[in-house]
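**Student:** Mind looking over this structure? Questions follow.
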Amino acid sequence: MDELAASLAAVLGARRVTDLTRLSGGASRETFRFVADGRPLVLQRQRGGDTRNMGMEAAVLRAVYAAGVPVPELVASSPDSSDIGAAYMISAAVEGETIARKILRDPEFIAARRNLPGQLGHALAHLHRVDVSSVEGLATQDQVAMYRAVLDATGEPHPAFELAFKWLEDHRPPACPPALVHGDFRMGNIMVGPDGLNAVLDWELAHIGDPMEDLGWLCVKAWRFGSDKPVAGVGEYHQLLDAYAEASGADVNPLVVRWWEVLGTLKWGIMCIGQASTHLSGAVRSHELAAIGRRVCENEHDLFLALEGRW
Amino acid sequence: MNPHDLPSAEQLVESVREWLERDVLTATSGRLQFHTRVAINVLAMVERELQVGATQAAVHRDRLAQLGCADERELADKIRNGALDDRLPEVRELVWATVQDKLTVANPKYLDART
């Protein structure tokens with residue numbers, strides 16, 4: 001830790017780096033908090049074996065910060081290991097809560113819950129206005145093809161998912177101008193304070209695609225955490241769509257958002273298979289991960305309900 | 001017919017689940033208590049599968065046979081390659097019934113909450 005503190009001081013040109021604490025250790029990166037010359041900062045450091053390009057994420061953060069999206073200000077970054085032994089990003093520390101159950105239930109977030117649907121719509125409108133050619137390293141993704149490949153890689157047959165894929169293929173929304181898409185815009189990846197949205201986090205899945213992908217994913221049932229409100233557990237569809245239309249000036253077709261919500265439900269189901277595989281393959285032995293494999297049918301159930309009368 | 005003495009597999013699992021609920025849940029907190037709760041849910045799921053699994057397997061075989069499929073893999077492939085396109089309403093009905101069977105074991109509460 002002393003060595004890391006010294007490297008951080010060197011890259012920031014800081015006199016003193018103190019209070020270096022590890023916050024979490026995910027599979028792909030580690031997160032630390034520290035204070036440099038009195039300023040609270042957050043370090044995200046990539047782990048060996050993760051091949052994602054942190055330079056892309058840093059470029060996205062700079063672009064969306066400039067576009068007025070609430071995100072932590074990027075202070076320093078490197079896509080290679082020359083500075084501190086691994087690719088990293090250092091950004092301003094933003095206060096707030098990310099744990100969905102607290103945001104959705106605790107009394108201190110009553111005003112936040114009221115404000116969030118509009119704030120999320122506005123943040124998305126600003127994000128989708130970013131000129132995609134100004135950000136290097138972004139890839140265009142066909143999410144249907146991508147998740148078909150992910151499902152095939154699991155080796156497990158899921159007739160219910162095949163029916164959903166068929167519906168998605170047959171009802172693809174019309175092509176739209178390419179936009180910067182966050183790719184994982186949901187409850188759990190936003191920092192929330194007493195008044196609502198403080199920052200949008202976790203930009204590592206950003207790509208070029210249909211902006212409605214972000215609106216649909218935000219409404220997937222898994223991100224409601226048991227609440228009956230469709231938009232991230234805090235709002236009704238029209239609150240999100242109205243705020244988005246007002247800030248973007250674009251017409252929003254609720255059926256297109258719905259198509260992306262169906263794809264999102266399918267994606268989450270496929271991700272659940274992946275979590276169980278993490279246990280089954282022996283990568284991480286855990287009864288918690290094993291149990292998630294038996295939640296896949298909840299997503300199959302949600303897909304049937306979402307498509308009832310629409311096949 | 002299996003040769004084993006009582007308790008049955010279902011009763012054995014039930015006894016462990018009851019111990020977790022009675023003694024472990026009350027003696028733990030935080031992360032360990034959460035993981036105890038997950039374990040209780042997993043064992044309850046295994047109990048349900050031991051109760052209805054054999055019947056469900058027979059029903060599932062019949063459903064697959066009705067669609068001319070030997071297993072889930074064949075059904076998934078036939079849906080994807082269009083071989084069942086002229087019978088999709090029937091396919092959907094049978095797959096939906098299977099999904100409900102899976103939830104009856106995995107999480108019966110989920111079937112009630114149609115939100």
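Chain labels follow the order of the structure tokens: the first chain is A, the next B, and so on; residue numbering restarts at 1 in every chain, and ligands are counted from 1 in their shown order.
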Mind the document's chain letters and residue numbers, and return as a PyMOL selection string the residues of chain B that DSSP labels helix (DSSP H, G or I).
**Tutor:** chain B and resi 9-27+30-66+72-81+85-106+108-112
**Student:** Keeping C-alpha atoms for every residue in the selection just given, could you write it to a file as a short mmCIF file (atom, residue, chain, number, x, y, z; two decimals), in the first residue's frame?
**Tutor:**
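As written to disk, part38.cif reads:
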data_model
loop_
_atom_site.label_atom_id
_atom_site.label_comp_id
_atom_site.auth_asym_id
_atom_site.auth_seq_id
_atom_site.Cartn_x
_atom_site.Cartn_y
_atom_site.Cartn_z
CA ALA B 9 -33.59 -37.88 0.99
CA GLU B 10 -36.31 -35.22 1.28
CA GLN B 11 -36.58 -35.68 5.05
CA LEU B 12 -32.78 -35.48 5.44
CA VAL B 13 -32.60 -32.20 3.55
CA GLU B 14 -35.58 -30.92 5.52
CA SER B 15 -33.80 -31.71 8.81
CA VAL B 16 -30.74 -29.65 7.79
CA ARG B 17 -32.93 -26.77 6.59
CA GLU B 18 -34.79 -26.76 9.92
CA TRP B 19 -31.50 -26.68 11.84
CA LEU B 20 -30.29 -23.72 9.74
CA GLU B 21 -33.55 -21.87 10.40
CA ARG B 22 -33.74 -22.70 14.11
CA ASP B 23 -30.11 -22.47 15.28
CA VAL B 24 -27.87 -20.86 12.66
CA LEU B 25 -30.03 -18.00 11.41
CA THR B 26 -30.62 -16.75 14.95
CA ALA B 27 -26.93 -17.02 15.90
CA GLY B 30 -24.62 -9.69 8.40
CA ARG B 31 -23.02 -11.58 5.55
CA LEU B 32 -23.03 -14.97 7.27
CA GLN B 33 -26.74 -14.63 8.08
CA PHE B 34 -27.44 -13.64 4.45
CA HIS B 35 -25.58 -16.72 3.20
CA THR B 36 -27.51 -18.84 5.71
CA ARG B 37 -30.74 -17.51 4.25
CA VAL B 38 -29.52 -18.39 0.74
CA ALA B 39 -28.68 -21.92 1.96
CA ILE B 40 -32.17 -22.30 3.48
CA ASN B 41 -33.73 -21.26 0.16
CA VAL B 42 -31.54 -23.71 -1.75
CA LEU B 43 -32.49 -26.61 0.52
CA ALA B 44 -36.20 -25.73 0.32
CA MET B 45 -35.82 -25.79 -3.48
CA VAL B 46 -34.22 -29.25 -3.34
CA GLU B 47 -37.09 -30.47 -1.13
CA ARG B 48 -39.65 -29.24 -3.68
CA GLU B 49 -37.72 -30.87 -6.52
CA LEU B 50 -37.61 -34.19 -4.63
CA GLN B 51 -41.39 -33.96 -4.14
CA VAL B 52 -42.47 -33.15 -7.70
CA GLY B 53 -39.37 -33.80 -9.84
CA ALA B 54 -40.31 -37.28 -11.09
CA THR B 55 -43.83 -36.22 -12.09
CA GLN B 56 -42.50 -33.07 -13.78
CA ALA B 57 -39.93 -35.12 -15.72
CA ALA B 58 -42.63 -37.39 -17.13
CA VAL B 59 -44.84 -34.45 -18.10
CA HIS B 60 -41.85 -32.69 -19.68
CA ARG B 61 -40.98 -35.75 -21.77
CA ASP B 62 -44.56 -35.84 -23.07
CA ARG B 63 -44.49 -32.14 -23.95
CA LEU B 64 -41.22 -32.54 -25.86
CA ALA B 65 -42.57 -35.62 -27.65
CA GLN B 66 -45.68 -33.67 -28.69
CA GLU B 72 -34.44 -29.29 -24.60
CA ARG B 73 -31.47 -28.98 -26.95
CA GLU B 74 -33.46 -30.30 -29.91
CA LEU B 75 -36.40 -28.02 -29.07
CA ALA B 76 -34.13 -24.95 -28.74
CA ASP B 77 -32.45 -25.75 -32.07
CA LYS B 78 -35.77 -26.29 -33.86
CA ILE B 79 -37.15 -22.98 -32.59
CA ARG B 80 -34.01 -21.20 -33.77
CA ASN B 81 -33.78 -22.79 -37.22
CA ASP B 85 -42.42 -21.85 -37.22
CA ASP B 86 -45.81 -23.25 -38.31
CA ARG B 87 -46.59 -24.39 -34.72
CA LEU B 88 -45.37 -21.41 -32.69
CA PRO B 89 -48.55 -20.82 -30.60
CA GLU B 90 -48.43 -24.48 -29.50
CA VAL B 91 -44.66 -24.26 -28.85
CA ARG B 92 -45.14 -21.12 -26.73
CA GLU B 93 -47.89 -22.75 -24.71
CA LEU B 94 -45.76 -25.81 -23.94
CA VAL B 95 -42.61 -23.80 -23.15
CA TRP B 96 -44.67 -21.49 -20.88
CA ALA B 97 -45.97 -24.56 -19.02
CA THR B 98 -42.36 -25.75 -18.56
CA VAL B 99 -41.29 -22.33 -17.25
CA GLN B 100 -44.11 -22.50 -14.70
CA ASP B 101 -42.97 -26.00 -13.66
CA LYS B 102 -39.42 -24.74 -13.17
CA LEU B 103 -40.67 -21.84 -11.02
CA THR B 104 -42.85 -24.20 -8.96
CA VAL B 105 -39.58 -25.72 -7.77
CA ALA B 106 -37.21 -22.72 -7.93
CA PRO B 108 -43.15 -20.58 -6.23
CA LYS B 109 -43.73 -17.08 -4.81
CA TYR B 110 -42.59 -15.63 -8.13
CA LEU B 111 -45.54 -17.29 -9.87
CA ASP B 112 -48.01 -15.45 -7.64
#
**Student:** Need the shell around Glu246 of chain A: protein/DNA/RNA residues with any atom at most 12 Å away, counting only C-alpha atoms. Skip same-chain ones fewer than 2 positions apart. Format as a short mmCIF file (atom, residue, chain, number, x, y, z; two decimals) with all heavy atoms, in the first residue's frame?
**Tutor:**
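Wrote it out as out_33.cif, contents follow:
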data_model
loop_
_atom_site.label_atom_id
_atom_site.label_comp_id
_atom_site.auth_asym_id
_atom_site.auth_seq_id
_atom_site.Cartn_x
_atom_site.Cartn_y
_atom_site.Cartn_z
N GLY A 118 -36.98 12.00 -13.35
CA GLY A 118 -36.67 13.14 -14.21
C GLY A 118 -35.18 13.33 -14.39
O GLY A 118 -34.69 13.57 -15.51
N GLN A 119 -34.43 13.19 -13.29
CA GLN A 119 -32.97 13.38 -13.37
C GLN A 119 -32.32 12.32 -14.26
O GLN A 119 -31.39 12.63 -15.02
CB GLN A 119 -32.36 13.30 -11.96
CG GLN A 119 -32.75 14.48 -11.08
CD GLN A 119 -32.35 14.26 -9.62
OE1 GLN A 119 -32.18 13.12 -9.19
NE2 GLN A 119 -32.22 15.33 -8.87
N GLY A 121 -33.77 10.76 -16.78
CA GLY A 121 -34.13 11.10 -18.15
C GLY A 121 -33.25 12.21 -18.70
O GLY A 121 -32.77 12.15 -19.84
N HIS A 122 -33.01 13.25 -17.87
CA HIS A 122 -32.15 14.36 -18.30
C HIS A 122 -30.72 13.90 -18.54
O HIS A 122 -30.08 14.26 -19.52
CB HIS A 122 -32.18 15.48 -17.27
CG HIS A 122 -33.46 16.26 -17.29
ND1 HIS A 122 -33.87 17.06 -16.25
CD2 HIS A 122 -34.45 16.33 -18.22
CE1 HIS A 122 -35.05 17.60 -16.54
NE2 HIS A 122 -35.42 17.17 -17.73
N ALA A 123 -30.19 13.09 -17.60
CA ALA A 123 -28.80 12.60 -17.74
C ALA A 123 -28.64 11.81 -19.03
O ALA A 123 -27.65 11.97 -19.75
CB ALA A 123 -28.43 11.75 -16.53
N LEU A 124 -29.63 10.96 -19.34
CA LEU A 124 -29.55 10.16 -20.57
C LEU A 124 -29.61 11.05 -21.81
O LEU A 124 -28.88 10.82 -22.78
CB LEU A 124 -30.69 9.13 -20.61
CG LEU A 124 -30.49 7.91 -19.71
CD1 LEU A 124 -31.76 7.06 -19.64
CD2 LEU A 124 -29.31 7.06 -20.20
N ALA A 125 -30.47 12.07 -21.77
CA ALA A 125 -30.57 12.97 -22.92
C ALA A 125 -29.22 13.66 -23.17
O ALA A 125 -28.79 13.78 -24.33
CB ALA A 125 -31.67 14.00 -22.69
N HIS A 126 -28.56 14.11 -22.11
CA HIS A 126 -27.25 14.76 -22.28
C HIS A 126 -26.21 13.78 -22.80
O HIS A 126 -25.42 14.10 -23.68
CB HIS A 126 -26.79 15.36 -20.95
CG HIS A 126 -27.52 16.62 -20.61
ND1 HIS A 126 -28.49 16.68 -19.63
CD2 HIS A 126 -27.48 17.86 -21.15
CE1 HIS A 126 -28.99 17.90 -19.57
NE2 HIS A 126 -28.40 18.64 -20.49
N HIS A 238 -43.87 7.10 -18.08
CA HIS A 238 -44.06 8.42 -18.69
C HIS A 238 -43.18 9.48 -18.04
O HIS A 238 -42.76 10.43 -18.70
CB HIS A 238 -45.55 8.82 -18.63
CG HIS A 238 -46.03 9.17 -17.26
ND1 HIS A 238 -45.90 10.43 -16.73
CD2 HIS A 238 -46.60 8.42 -16.30
CE1 HIS A 238 -46.39 10.45 -15.50
NE2 HIS A 238 -46.82 9.23 -15.21
N GLN A 239 -42.82 9.30 -16.76
CA GLN A 239 -41.94 10.29 -16.11
C GLN A 239 -40.56 10.29 -16.77
O GLN A 239 -39.98 11.34 -17.03
CB GLN A 239 -41.79 9.96 -14.63
CG GLN A 239 -43.05 10.17 -13.81
CD GLN A 239 -42.81 9.79 -12.36
OE1 GLN A 239 -42.84 8.62 -11.99
NE2 GLN A 239 -42.54 10.79 -11.53
N LEU A 240 -40.03 9.09 -17.03
CA LEU A 240 -38.71 8.98 -17.67
C LEU A 240 -38.78 9.49 -19.11
O LEU A 240 -37.95 10.30 -19.54
CB LEU A 240 -38.25 7.52 -17.65
CG LEU A 240 -36.96 7.22 -18.43
CD1 LEU A 240 -35.75 7.80 -17.69
CD2 LEU A 240 -36.78 5.72 -18.64
N LEU A 241 -39.79 9.03 -19.84
CA LEU A 241 -39.88 9.36 -21.27
C LEU A 241 -40.14 10.85 -21.48
O LEU A 241 -39.56 11.47 -22.38
CB LEU A 241 -40.97 8.50 -21.94
CG LEU A 241 -40.50 7.16 -22.50
CD1 LEU A 241 -39.65 6.36 -21.53
CD2 LEU A 241 -41.67 6.32 -23.00
N ASP A 242 -41.00 11.44 -20.64
CA ASP A 242 -41.28 12.88 -20.76
C ASP A 242 -40.02 13.70 -20.48
O ASP A 242 -39.71 14.65 -21.20
CB ASP A 242 -42.40 13.30 -19.80
CG ASP A 242 -43.75 12.74 -20.22
OD1 ASP A 242 -43.83 12.18 -21.34
OD2 ASP A 242 -44.71 12.86 -19.43
N ALA A 243 -39.31 13.34 -19.41
CA ALA A 243 -38.09 14.10 -19.06
C ALA A 243 -37.06 13.97 -20.17
O ALA A 243 -36.39 14.94 -20.54
CB ALA A 243 -37.51 13.58 -17.74
N TYR A 244 -36.94 12.76 -20.74
CA TYR A 244 -35.97 12.52 -21.81
C TYR A 244 -36.34 13.33 -23.04
O TYR A 244 -35.48 14.00 -23.65
CB TYR A 244 -35.92 11.03 -22.14
CG TYR A 244 -34.86 10.68 -23.17
CD1 TYR A 244 -33.56 10.42 -22.78
CD2 TYR A 244 -35.18 10.61 -24.52
CE1 TYR A 244 -32.59 10.10 -23.71
CE2 TYR A 244 -34.22 10.29 -25.47
CZ TYR A 244 -32.92 10.03 -25.06
OH TYR A 244 -31.96 9.72 -25.99
N SER A 248 -34.04 16.24 -24.63
CA SER A 248 -33.36 15.89 -25.88
C SER A 248 -34.03 16.51 -27.09
O SER A 248 -33.42 16.62 -28.15
CB SER A 248 -33.35 14.36 -26.05
OG SER A 248 -34.67 13.89 -26.26
N GLY A 249 -35.31 16.88 -26.95
CA GLY A 249 -36.05 17.38 -28.09
C GLY A 249 -36.43 16.27 -29.06
O GLY A 249 -36.99 16.53 -30.12
N ALA A 250 -36.12 15.02 -28.69
CA ALA A 250 -36.41 13.89 -29.60
C ALA A 250 -37.77 13.29 -29.27
O ALA A 250 -38.22 13.34 -28.14
CB ALA A 250 -35.33 12.83 -29.45
N ASP A 251 -38.41 12.72 -30.28
CA ASP A 251 -39.62 11.94 -30.06
C ASP A 251 -39.20 10.57 -29.54
O ASP A 251 -38.31 9.95 -30.09
CB ASP A 251 -40.39 11.74 -31.37
CG ASP A 251 -41.21 12.97 -31.70
OD1 ASP A 251 -41.57 13.70 -30.76
OD2 ASP A 251 -41.45 13.21 -32.90
N VAL A 252 -39.85 10.12 -28.47
CA VAL A 252 -39.52 8.80 -27.94
C VAL A 252 -40.69 7.87 -28.20
O VAL A 252 -41.82 8.16 -27.83
CB VAL A 252 -39.24 8.88 -26.43
CG1 VAL A 252 -38.89 7.51 -25.89
CG2 VAL A 252 -38.12 9.87 -26.15
#
**Student:** Can you tell me which residues surround segment 205-211 of chain A at a distance of at most 7 Å, considering only C-alpha atoms, apart from same-chain residues fewer than 6 positions away, and format the answer as a PyMOL selection string?
**Tutor:** chain A and resi 128+138-141+176+178-184
**Student:** If you run DSSP on the backbone here, which positions in segment 75-300 of chain A get strand (DSSP E or B)? Please write them as a PyMOL selection string.
**Tutor:** chain A and resi 75-78+88-92+97+140+179-181+190-193+196-200+207-209+231+235
**Student:** Using only N, CA and C atoms, please write the residues we just selected to a file, as a PDB file, in the first residue's frame.
**Tutor:**
ATOM      1  N   VAL A  75      -9.389  12.820 -13.046  1.00  0.00           N
ATOM      2  CA  VAL A  75      -8.223  13.611 -12.650  1.00  0.00           C
ATOM      3  C   VAL A  75      -6.965  13.118 -13.356  1.00  0.00           C
ATOM      4  N   ALA A  76      -6.831  11.797 -13.510  1.00  0.00           N
ATOM      5  CA  ALA A  76      -5.663  11.229 -14.194  1.00  0.00           C
ATOM      6  C   ALA A  76      -6.021   9.826 -14.641  1.00  0.00           C
ATOM      7  N   SER A  77      -5.338   9.348 -15.685  1.00  0.00           N
ATOM      8  CA  SER A  77      -5.600   7.974 -16.118  1.00  0.00           C
ATOM      9  C   SER A  77      -4.469   7.502 -17.007  1.00  0.00           C
ATOM     10  N   SER A  78      -4.346   6.185 -17.144  1.00  0.00           N
ATOM     11  CA  SER A  78      -3.413   5.619 -18.102  1.00  0.00           C
ATOM     12  C   SER A  78      -3.952   4.278 -18.574  1.00  0.00           C
ATOM     13  N   TYR A  88      -5.248   2.411 -15.063  1.00  0.00           N
ATOM     14  CA  TYR A  88      -6.007   2.983 -13.949  1.00  0.00           C
ATOM     15  C   TYR A  88      -6.734   4.244 -14.376  1.00  0.00           C
ATOM     16  N   MET A  89      -7.691   4.628 -13.530  1.00  0.00           N
ATOM     17  CA  MET A  89      -8.337   5.941 -13.623  1.00  0.00           C
ATOM     18  C   MET A  89      -8.415   6.504 -12.212  1.00  0.00           C
ATOM     19  N   ILE A  90      -8.121   7.797 -12.085  1.00  0.00           N
ATOM     20  CA  ILE A  90      -8.302   8.482 -10.800  1.00  0.00           C
ATOM     21  C   ILE A  90      -9.338   9.571 -11.021  1.00  0.00           C
ATOM     22  N   SER A  91     -10.379   9.553 -10.195  1.00  0.00           N
ATOM     23  CA  SER A  91     -11.416  10.569 -10.356  1.00  0.00           C
ATOM     24  C   SER A  91     -11.782  11.166  -9.006  1.00  0.00           C
ATOM     25  N   ALA A  92     -12.495  12.298  -9.059  1.00  0.00           N
ATOM     26  CA  ALA A  92     -12.954  12.943  -7.837  1.00  0.00           C
ATOM     27  C   ALA A  92     -13.905  11.998  -7.111  1.00  0.00           C
ATOM     28  N   GLU A  97     -25.002   7.183  -2.086  1.00  0.00           N
ATOM     29  CA  GLU A  97     -25.323   5.770  -1.857  1.00  0.00           C
ATOM     30  C   GLU A  97     -25.536   5.084  -3.196  1.00  0.00           C
ATOM     31  N   THR A 140     -19.218  -0.395 -32.217  1.00  0.00           N
ATOM     32  CA  THR A 140     -20.646  -0.544 -32.485  1.00  0.00           C
ATOM     33  C   THR A 140     -21.037  -1.980 -32.155  1.00  0.00           C
ATOM     34  N   ALA A 179     -25.537   6.518 -31.454  1.00  0.00           N
ATOM     35  CA  ALA A 179     -25.333   7.365 -30.279  1.00  0.00           C
ATOM     36  C   ALA A 179     -24.393   6.665 -29.307  1.00  0.00           C
ATOM     37  N   LEU A 180     -23.833   7.471 -28.400  1.00  0.00           N
ATOM     38  CA  LEU A 180     -23.052   6.910 -27.301  1.00  0.00           C
ATOM     39  C   LEU A 180     -24.038   6.311 -26.295  1.00  0.00           C
ATOM     40  N   VAL A 181     -23.883   5.020 -26.008  1.00  0.00           N
ATOM     41  CA  VAL A 181     -24.761   4.309 -25.083  1.00  0.00           C
ATOM     42  C   VAL A 181     -23.940   3.923 -23.852  1.00  0.00           C
ATOM     43  N   ILE A 190     -25.595   4.009 -10.088  1.00  0.00           N
ATOM     44  CA  ILE A 190     -25.730   5.462  -9.917  1.00  0.00           C
ATOM     45  C   ILE A 190     -25.480   5.812  -8.454  1.00  0.00           C
ATOM     46  N   MET A 191     -24.843   6.964  -8.242  1.00  0.00           N
ATOM     47  CA  MET A 191     -24.563   7.455  -6.898  1.00  0.00           C
ATOM     48  C   MET A 191     -25.680   8.440  -6.549  1.00  0.00           C
ATOM     49  N   VAL A 192     -26.397   8.146  -5.459  1.00  0.00           N
ATOM     50  CA  VAL A 192     -27.583   8.924  -5.116  1.00  0.00           C
ATOM     51  C   VAL A 192     -27.416   9.593  -3.749  1.00  0.00           C
ATOM     52  N   GLY A 193     -27.745  10.883  -3.690  1.00  0.00           N
ATOM     53  CA  GLY A 193     -27.726  11.639  -2.434  1.00  0.00           C
ATOM     54  C   GLY A 193     -29.150  11.978  -2.031  1.00  0.00           C
ATOM     55  N   GLY A 196     -31.207  13.215  -4.865  1.00  0.00           N
ATOM     56  CA  GLY A 196     -31.290  12.402  -6.077  1.00  0.00           C
ATOM     57  C   GLY A 196     -29.934  12.123  -6.693  1.00  0.00           C
ATOM     58  N   LEU A 197     -29.888  12.185  -8.031  1.00  0.00           N
ATOM     59  CA  LEU A 197     -28.710  11.725  -8.780  1.00  0.00           C
ATOM     60  C   LEU A 197     -27.478  12.606  -8.534  1.00  0.00           C
ATOM     61  N   ASN A 198     -26.412  12.004  -7.999  1.00  0.00           N
ATOM     62  CA  ASN A 198     -25.141  12.709  -7.851  1.00  0.00           C
ATOM     63  C   ASN A 198     -24.172  12.364  -8.970  1.00  0.00           C
ATOM     64  N   ALA A 199     -24.179  11.112  -9.413  1.00  0.00           N
ATOM     65  CA  ALA A 199     -23.247  10.723 -10.478  1.00  0.00           C
ATOM     66  C   ALA A 199     -23.676   9.420 -11.126  1.00  0.00           C
ATOM     67  N   VAL A 200     -23.362   9.297 -12.423  1.00  0.00           N
ATOM     68  CA  VAL A 200     -23.547   8.040 -13.158  1.00  0.00           C
ATOM     69  C   VAL A 200     -22.178   7.353 -13.197  1.00  0.00           C
ATOM     70  N   HIS A 207     -20.708   1.894 -25.477  1.00  0.00           N
ATOM     71  CA  HIS A 207     -20.523   1.513 -26.875  1.00  0.00           C
ATOM     72  C   HIS A 207     -21.389   2.407 -27.758  1.00  0.00           C
ATOM     73  N   ILE A 208     -21.318   2.184 -29.061  1.00  0.00           N
ATOM     74  CA  ILE A 208     -22.159   2.924 -29.994  1.00  0.00           C
ATOM     75  C   ILE A 208     -23.379   2.069 -30.321  1.00  0.00           C
ATOM     76  N   GLY A 209     -24.554   2.677 -30.240  1.00  0.00           N
ATOM     77  CA  GLY A 209     -25.761   1.900 -30.538  1.00  0.00           C
ATOM     78  C   GLY A 209     -26.996   2.782 -30.531  1.00  0.00           C
ATOM     79  N   VAL A 231     -39.546   2.193 -13.615  1.00  0.00           N
ATOM     80  CA  VAL A 231     -38.286   2.870 -13.924  1.00  0.00           C
ATOM     81  C   VAL A 231     -37.353   2.800 -12.702  1.00  0.00           C
ATOM     82  N   GLY A 235     -39.976   5.173 -10.560  1.00  0.00           N
ATOM     83  CA  GLY A 235     -40.855   6.028 -11.363  1.00  0.00           C
ATOM     84  C   GLY A 235     -41.680   5.271 -12.385  1.00  0.00           C
TER      85      GLY A 235
END
**Student:** Can you check which parts of chain A lie within 8 Å of chain B? Per residue, the shortest pair of atoms and distance in Å to one decimal, counting only C-alpha atoms, sorted by chain and number, as a tab-separated table.
**Tutor:**
residue	atom	partner	partner_atom	distance
A:Glu156	CA	B:Arg73	CA	7.7
A:Pro157	CA	B:Arg73	CA	5.0
A:His158	CA	B:Ala76	CA	6.0
A:Pro159	CA	B:Ala76	CA	4.4
A:Ala160	CA	B:Val95	CA	6.2
A:Glu162	CA	B:Arg80	CA	6.0
A:Leu163	CA	B:Ile79	CA	6.8
A:Lys166	CA	B:Arg80	CA	7.2
A:Asp228	CA	B:Thr115	CA	7.0
A:His287	CA	B:Ala39	CA	7.1
A:Glu288	CA	B:Val38	CA	6.4
A:Ala291	CA	B:Val42	CA	6.5
A:Arg294	CA	B:Ala106	CA	5.9
A:Arg295	CA	B:Ala106	CA	7.1
A:Cys297	CA	B:Val99	CA	6.1
A:Glu298	CA	B:Leu103	CA	7.0
A:Glu300	CA	B:Val99	CA	6.7
A:His301	CA	B:Val99	CA	6.4
A:Phe304	CA	B:Trp96	CA	7.1
A:Leu305	CA	B:Arg114	CA	7.9
**Student:** So that I can check the surroundings of Met146 of chain A, please list as an MDAnalysis selection string every protein, DNA and RNA residue that reaches within 12 Å of it, counting only C-alpha atoms and ignoring chain neighbours fewer than 3 positions away.
**Tutor:** chainID A and resid 140:143 149:153 165 263 266:267 270
**Student:** Please provide as JSON, numbers by chain all residues within 8 Å of Ile273 of chain A, with the sequence filter that same-chain residues fewer than 6 positions apart are discarded (counting only C-alpha atoms).
**Tutor:** {"A": [154, 292, 293, 296]}
**Student:** Have a look at atom CA of Asp50 of chain A and atom CA of Val284 of chain A and let me know their distance in Å, one decimal.
**Tutor:**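 Taking atom CA of Asp50 of chain A as the start and atom CA of Val284 of chain A as the end point, the length is 16.6 Å.
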**Student:** Work out how far apart atom CA of Leu280 of chain A and atom CA of Glu261 of chain A are and give it in Å to one decimal.
**Tutor:** 28.7 Å
**Student:** Take atom CA of Lys229 of chain A and atom CA of Pro194 of chain A and report the distance between them in Å, one decimal.
**Tutor:** 19.4 Å
**Student:** Would you list the contacts of Met56 of chain A as a PyMOL selection string, taking every protein, DNA or RNA residue within 9 Å and counting only C-alpha atoms, but skipping same-chain residues closer than 3 positions in sequence?
**Tutor:** chain A and resi 52-53+59-61+79+135-138+204+206
